[in-house]
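Visitor: Here you go, start.csv (CSV, C-alpha atoms and all ligand atoms):
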```csv
chain,number,residue,atom,x,y,z
D,1,MET,CA,0.0,0.0,0.0
D,2,ARG,CA,1.4,3.4,-0.9
D,3,SER,CA,1.6,6.3,1.6
D,4,LEU,CA,-0.6,9.4,1.6
D,5,ALA,CA,2.3,11.4,0.2
D,6,GLU,CA,2.7,9.0,-2.6
D,7,LEU,CA,-1.0,9.1,-3.3
D,8,ASP,CA,-0.9,12.9,-3.4
D,9,ALA,CA,1.9,12.8,-6.0
D,10,ALA,CA,-0.1,10.3,-8.1
D,11,VAL,CA,-3.3,12.4,-7.9
D,12,ALA,CA,-1.4,15.4,-9.2
D,13,GLY,CA,-0.3,13.5,-12.3
D,14,CYS,CA,-3.8,12.3,-13.3
D,15,ARG,CA,-4.9,13.1,-16.9
D,16,ALA,CA,-7.9,10.6,-17.0
D,17,CYS,CA,-10.7,13.1,-18.0
D,18,PRO,CA,-9.9,14.9,-21.3
D,19,ARG,CA,-12.6,17.6,-20.7
D,20,LEU,CA,-11.2,18.4,-17.3
D,21,VAL,CA,-7.5,18.4,-18.4
D,22,ALA,CA,-8.4,20.9,-21.2
D,23,TRP,CA,-10.4,23.1,-18.8
D,24,ARG,CA,-8.0,23.2,-15.8
D,25,GLU,CA,-5.1,24.2,-18.2
D,26,GLY,CA,-7.1,26.5,-20.5
D,27,VAL,CA,-8.7,28.5,-17.7
D,28,ALA,CA,-5.3,29.3,-16.1
D,29,GLY,CA,-4.5,33.0,-16.2
D,30,THR,CA,-7.8,34.1,-17.7
D,31,LYS,CA,-9.0,36.1,-14.6
D,32,ALA,CA,-7.7,39.7,-14.6
D,33,ALA,CA,-7.1,39.6,-10.8
D,34,PHE,CA,-4.6,36.8,-11.2
D,35,ARG,CA,-3.1,37.6,-14.6
D,36,GLY,CA,0.6,36.8,-14.6
D,37,GLU,CA,0.4,34.3,-11.7
D,38,GLU,CA,1.6,30.8,-12.4
D,39,TYR,CA,-1.4,28.4,-12.0
D,40,TRP,CA,-1.1,24.9,-10.6
D,41,ALA,CA,-3.5,23.7,-13.4
D,42,ARG,CA,-3.3,20.1,-12.2
D,43,PRO,CA,-5.5,17.8,-10.1
D,44,VAL,CA,-5.4,18.9,-6.4
D,45,PRO,CA,-4.4,16.5,-3.7
D,46,GLY,CA,-6.0,16.4,-0.3
D,47,PHE,CA,-4.7,18.8,2.4
D,48,GLY,CA,-4.1,18.0,6.0
D,49,PRO,CA,-2.3,15.5,8.2
D,50,PRO,CA,-2.2,11.8,7.4
D,51,ASP,CA,-3.6,10.9,10.8
D,52,ALA,CA,-6.6,13.1,10.6
D,53,SER,CA,-9.7,12.1,12.6
D,54,LEU,CA,-11.9,14.4,10.6
D,55,ALA,CA,-12.3,14.6,6.8
D,56,VAL,CA,-14.1,17.4,5.0
D,57,VAL,CA,-15.5,16.4,1.6
D,58,GLY,CA,-16.1,19.3,-0.8
D,59,LEU,CA,-17.0,19.3,-4.5
D,60,ALA,CA,-14.1,20.1,-6.8
D,61,PRO,CA,-11.3,22.7,-7.0
D,62,SER,CA,-12.5,26.1,-8.3
D,63,ALA,CA,-10.9,27.4,-11.5
D,64,HIS,CA,-9.1,30.4,-9.9
D,65,GLY,CA,-8.9,29.0,-6.3
D,66,ALA,CA,-7.3,25.6,-5.8
D,67,ASN,CA,-6.6,25.2,-9.5
D,68,ARG,CA,-4.4,28.3,-9.2
D,69,THR,CA,-2.9,27.7,-5.7
D,70,GLY,CA,-2.6,23.9,-5.8
D,71,ARG,CA,-4.2,23.5,-2.3
D,72,MET,CA,-7.9,22.5,-1.6
D,73,PHE,CA,-10.2,25.5,-0.9
D,74,THR,CA,-7.2,27.9,-1.0
D,75,GLY,CA,-7.7,31.2,-2.8
D,76,ASP,CA,-11.4,31.2,-3.4
D,77,PRO,CA,-14.5,32.7,-1.6
D,78,SER,CA,-15.6,29.2,-0.4
D,79,GLY,CA,-12.2,28.7,1.2
D,80,ASP,CA,-12.3,32.2,2.8
D,81,PHE,CA,-15.5,31.2,4.5
D,82,LEU,CA,-14.4,27.7,5.4
D,83,PHE,CA,-11.0,28.5,6.9
D,84,ARG,CA,-12.6,31.2,9.1
D,85,VAL,CA,-14.9,28.6,10.6
D,86,LEU,CA,-12.1,26.0,10.9
D,87,HIS,CA,-10.0,28.4,12.8
D,88,GLU,CA,-12.8,29.5,15.1
D,89,VAL,CA,-13.5,25.9,16.1
D,90,GLY,CA,-9.8,25.1,16.7
D,91,LEU,CA,-9.1,23.0,13.5
D,92,ALA,CA,-6.8,25.5,11.7
D,93,SER,CA,-3.8,27.5,12.9
D,94,GLN,CA,-5.0,30.7,11.1
D,95,PRO,CA,-8.3,32.0,9.6
D,96,THR,CA,-6.9,32.6,6.1
D,97,SER,CA,-5.6,30.4,3.4
D,98,THR,CA,-3.9,32.2,0.5
D,99,ALA,CA,-1.2,30.0,-0.9
D,100,ILE,CA,1.0,26.9,-0.2
D,101,GLY,CA,3.7,28.2,2.2
D,102,ASP,CA,1.4,30.7,4.0
D,103,GLY,CA,1.9,28.9,7.3
D,104,LEU,CA,-1.5,27.4,7.5
D,105,GLU,CA,-1.7,24.1,9.4
D,106,LEU,CA,-4.8,22.0,9.9
D,107,TYR,CA,-5.3,20.1,13.2
D,108,GLY,CA,-6.6,16.6,12.9
D,109,THR,CA,-8.4,17.6,9.7
D,110,ARG,CA,-8.0,16.7,6.1
D,111,LEU,CA,-9.8,18.4,3.2
D,112,VAL,CA,-10.6,16.0,0.4
D,113,SER,CA,-12.6,16.2,-2.8
D,114,PRO,CA,-14.6,13.8,-4.9
D,115,VAL,CA,-13.4,15.5,-8.1
D,116,ARG,CA,-9.8,16.7,-8.2
D,117,CYS,CA,-9.8,18.9,-11.3
D,118,ALA,CA,-11.5,22.2,-11.7
D,119,PRO,CA,-14.6,21.6,-13.8
D,120,PRO,CA,-16.4,24.1,-16.1
D,121,GLU,CA,-19.1,25.9,-14.2
D,122,ASN,CA,-18.1,23.9,-11.1
D,123,LYS,CA,-20.1,21.0,-12.5
D,124,PRO,CA,-18.4,17.7,-13.0
D,125,THR,CA,-20.3,15.2,-15.0
D,126,PRO,CA,-21.4,11.9,-13.4
D,127,ALA,CA,-18.8,10.1,-15.6
D,128,GLU,CA,-16.0,12.4,-14.3
D,129,ARG,CA,-17.1,11.9,-10.7
D,130,ASP,CA,-17.0,8.1,-11.2
D,131,THR,CA,-13.6,8.2,-12.9
D,132,CYS,CA,-12.2,10.2,-10.0
D,133,ARG,CA,-13.7,7.9,-7.3
D,134,PRO,CA,-10.7,5.6,-6.8
D,135,TRP,CA,-8.6,8.6,-5.6
D,136,LEU,CA,-11.2,9.3,-2.9
D,137,ALA,CA,-11.5,5.6,-2.0
D,138,GLU,CA,-7.8,5.2,-1.6
D,139,GLU,CA,-7.4,8.4,0.4
D,140,LEU,CA,-10.2,7.4,2.9
D,141,SER,CA,-8.8,3.9,3.2
D,142,LEU,CA,-5.4,5.4,4.2
D,143,LEU,CA,-7.1,7.7,6.7
D,144,ARG,CA,-9.3,4.9,8.0
D,145,PRO,CA,-7.2,4.0,11.1
D,146,THR,CA,-7.8,7.4,12.6
D,147,LEU,CA,-10.9,8.7,10.8
D,148,ARG,CA,-13.9,9.2,13.1
D,149,ALA,CA,-16.0,11.9,11.4
D,150,ILE,CA,-16.7,13.3,8.0
D,151,VAL,CA,-18.3,16.7,7.3
D,152,VAL,CA,-19.8,16.6,3.8
D,153,LEU,CA,-20.3,20.0,2.1
D,154,GLY,CA,-23.2,19.6,-0.2
D,155,ALA,CA,-25.3,17.0,-2.0
D,156,PHE,CA,-22.7,16.3,-4.7
D,157,GLY,CA,-20.1,15.3,-2.2
D,158,TRP,CA,-22.6,13.2,-0.2
D,159,GLN,CA,-23.7,11.3,-3.3
D,160,ALA,CA,-20.1,10.7,-4.3
D,161,LEU,CA,-19.0,9.6,-0.9
D,162,LEU,CA,-21.7,7.1,0.2
D,163,PRO,CA,-20.9,4.5,-2.5
D,164,VAL,CA,-17.2,4.8,-1.6
D,165,LEU,CA,-17.9,4.1,2.0
D,166,ASP,CA,-20.3,1.3,1.1
D,167,ALA,CA,-17.7,-0.4,-1.2
D,168,ALA,CA,-15.0,-0.1,1.5
D,169,GLY,CA,-17.2,-1.9,4.0
D,170,TRP,CA,-18.6,0.9,6.2
D,171,PRO,CA,-22.1,-0.1,7.2
D,172,VAL,CA,-24.0,2.3,5.0
D,173,PRO,CA,-27.8,1.8,5.4
D,174,GLN,CA,-30.0,0.8,2.4
D,175,PRO,CA,-31.6,2.8,1.0
D,176,ARG,CA,-28.8,5.2,1.3
D,177,PRO,CA,-29.6,8.2,3.6
D,178,ALA,CA,-30.5,11.4,1.8
D,179,PHE,CA,-28.3,14.6,2.0
D,180,ALA,CA,-29.6,17.3,4.3
D,181,HIS,CA,-28.0,20.2,6.2
D,182,GLY,CA,-27.8,18.9,9.8
D,183,ALA,CA,-28.1,15.2,8.7
D,184,VAL,CA,-26.1,12.9,11.0
D,185,VAL,CA,-25.5,9.3,10.1
D,186,GLU,CA,-23.7,6.7,12.2
D,187,LEU,CA,-21.6,4.2,10.3
D,188,GLY,CA,-20.1,2.1,13.1
D,189,ASP,CA,-17.0,4.0,14.3
D,190,LEU,CA,-17.6,6.8,11.7
D,191,ARG,CA,-20.1,9.6,11.9
D,192,LEU,CA,-21.2,11.6,8.9
D,193,PHE,CA,-22.4,15.2,9.1
D,194,GLY,CA,-24.3,16.8,6.2
D,195,CYS,CA,-23.7,20.6,5.8
D,196,TYR,CA,-24.7,22.9,3.0
D,197,HIS,CA,-21.8,23.8,0.7
D,198,VAL,CA,-20.1,27.1,1.6
D,199,SER,CA,-20.3,28.3,-2.0
D,200,PRO,CA,-20.7,32.1,-2.6
D,201,ARG,CA,-24.2,31.5,-3.8
D,202,ASN,CA,-25.3,29.7,-0.6
D,203,VAL,CA,-23.6,32.3,1.5
D,204,GLN,CA,-25.0,35.3,-0.4
D,205,THR,CA,-28.6,33.9,-0.3
D,206,HIS,CA,-28.2,33.1,3.4
D,207,ARG,CA,-29.0,29.5,2.8
D,208,VAL,CA,-25.9,28.9,4.9
D,209,THR,CA,-24.4,31.1,7.5
D,210,HIS,CA,-21.2,31.1,9.5
D,211,ALA,CA,-23.1,30.0,12.6
D,212,MET,CA,-24.7,27.1,10.8
D,213,VAL,CA,-21.4,25.8,9.5
D,214,ALA,CA,-19.6,26.4,12.8
D,215,ALA,CA,-22.4,24.3,14.6
D,216,VAL,CA,-21.8,21.4,12.3
D,217,PHE,CA,-18.0,21.5,12.8
D,218,ARG,CA,-18.5,21.8,16.6
D,219,ALA,CA,-20.7,18.6,16.5
D,220,ALA,CA,-18.1,16.8,14.4
D,221,THR,CA,-15.2,17.8,16.8
D,222,SER,CA,-17.3,16.5,19.7
D,223,VAL,CA,-16.8,13.1,18.1
D,224,THR,CA,-13.1,13.5,17.1
D,225,LYS,CA,-12.0,15.3,20.3
D,226,PRO,CA,-14.5,14.1,22.9
D,227,ASP,CA,-12.8,16.0,25.8
X,301,LIG,O1,-15.5,22.2,-3.0
X,301,LIG,C1,-14.7,23.1,-3.2
X,301,LIG,C2,-15.2,24.4,-3.5
X,301,LIG,C3,-14.3,25.4,-3.7
X,301,LIG,N1,-13.0,25.2,-3.6
X,301,LIG,C4,-12.5,23.9,-3.4
X,301,LIG,O2,-11.3,23.8,-3.3
X,301,LIG,N2,-13.4,22.9,-3.2
```
So that I can check it, write out the structure of this file as C-alpha cells.
Ligand SMILES: O=c1cc[nH]c(=O)[nH]1

Guide:
Amino acid sequence: MRSLAELDAAVAGCRACPRLVAWREGVAGTKAAFRGEEYWARPVPGFGPPDASLAVVGLAPSAHGANRTGRMFTGDPSGDFLFRVLHEVGLASQPTSTAIGDGLELYGTRLVSPVRCAPPENKPTPAERDTCRPWLAEELSLLRPTLRAIVVLGAFGWQALLPVLDAAGWPVPQPRPAFAHGAVVELGDLRLFGCYHVSPRNVQTHRVTHAMVAAVFRAATSVTKPD
C-alpha cells in the first residue's frame, strides 16, 4: 500500500478526463485579478495531516482557487468562508488560506474532494465523478485507522461519498440516507455530518451562515475530540 504522500503525488499527475484536463489548463491566467500568476493547473491532492480524525468532503477545485494555488479550498471565496470557521472551532492555525507556504496548518483535519480537477461551471459530469472515485476511495482507506467523522459539504459530495464508504465496508444503510443540512449518520465507528456547501451562492442567499457551519463542525469535533 502506498503512503498518503505517494497518493498525493499520483493524484497530481492524473490526466484521465480529457474535458477536465483541457479546462484546468485552459482557464489558467484568464482572470484579470490573477493575470501573470503561475497556476497549478493540475489535479489537487487532499490537504491536512495523514492521521486526521476528521475529513471534510467538498466538491471540486475552483478554476481560480485551488486550480491556481494547488491547495484545496485555497484562494477562493468558499475557502475564505471555510477557513474562518475551521480556525474558530480550533481546527486551523489561522483564519486565512492564500497559498502553499502561507503557514496554515490543519489540526486533525483533512480536506478531500470527490473530483480533483476544476470543472467548467463547477459542475463535474457523473462520468468524471466516477472516474475520480478511486482517488477518494484510496485516500479514505489510508485515513481509516484514525478517521472518526466526515463533514460533507453539499449533496454532490454526499452522493459521491456514500458509494465509496459502502464499497469499503462501512455499514451504509440501504436505501442510502439522503443529504440534508444537519443530517447525522452513524456508520459504526464513523459519523457523517451533512452541511450545505459554503459556496458564494449559498452564502449570499443566506442558505448557509457562519453560525450554521460552525455548529456542524463543533458537533463533528465533539466526536473526534470528545474531551
Ligand atoms: O469544493 C470546493 C469548492 C471550492 N474550492 C475547493 O477547493 N473545493

Visitor: Set the distance at 12 Å and use all atoms listed in the file: which residues neighbour Ala118 of chain D once local chain neighbours fewer than 6 positions away are removed? I'd like the list as a count of residues only.

Guide: 36

Visitor: Calculated over all atoms listed in the file, which of the candidates D:Glu105, D:Ser78, D:Glu6, D:Ala55 has the smallest distance to Arg201 of chain D?

Guide: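 The answer is D:Ser78, which sits nearest to Arg201 of chain D.
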
Visitor: Which of these, D:Pro173, D:Gly157, D:Pro120, D:Gly90, has the shortest distance to Phe217 of chain D once you count all atoms listed in the file?

Guide: D:Gly90

Visitor: Here's a test: counting all atoms listed in the file, identify every protein, DNA and RNA residue with an atom at most 9 Å from (-7.8, 28.2, 11.3) in the file's coordinate frame, and state them as a PyMOL selection string.

Guide: chain D and resi 82-97+104-107

Visitor: Counting only C-alpha atoms, what is within 8 Å of Phe179 of chain D, bar same-chain residues fewer than 4 positions away, as a list in words?

Guide: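 Answer for this query is Gly154, Ala155, Trp158, Gln159, Ala183 and Gly194 of chain D.
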
Visitor: May I have the residues at most 10 Å from (-1.6, 14.1, 16.0) in the file's coordinates, counting only C-alpha atoms, as a list in words?

Guide: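 Those within range, by chain then number, are Pro49, Pro50, Asp51, Ala52, Ser53, Tyr107, Gly108, Thr109 and Thr146 of chain D.
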
Visitor: Find the distance between atom CA of Val115 of chain D and atom CA of Gly36 of chain D and write it in Å to one decimal.

Guide: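 So the two atoms, atom CA of Val115 of chain D and atom CA of Gly36 of chain D, lie 26.3 Å apart.
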
Visitor: Go ahead and compute the interatomic distance for atom CA of Val152 of chain D and atom CA of Thr131 of chain D, in Å to one decimal.

Guide: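 Separation of atom CA of Val152 of chain D and atom CA of Thr131 of chain D: 19.7 Å.
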
Visitor: Just checking: using all atoms listed in the file, which residue out of D:Val198, D:Cys14, D:Ala168, D:Ala178 ends up closest to ligand LIG 301 (chain X)?

Guide: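 Between D:Val198, D:Cys14, D:Ala168, D:Ala178, the residue approaching ligand LIG 301 (chain X) most closely is D:Val198.
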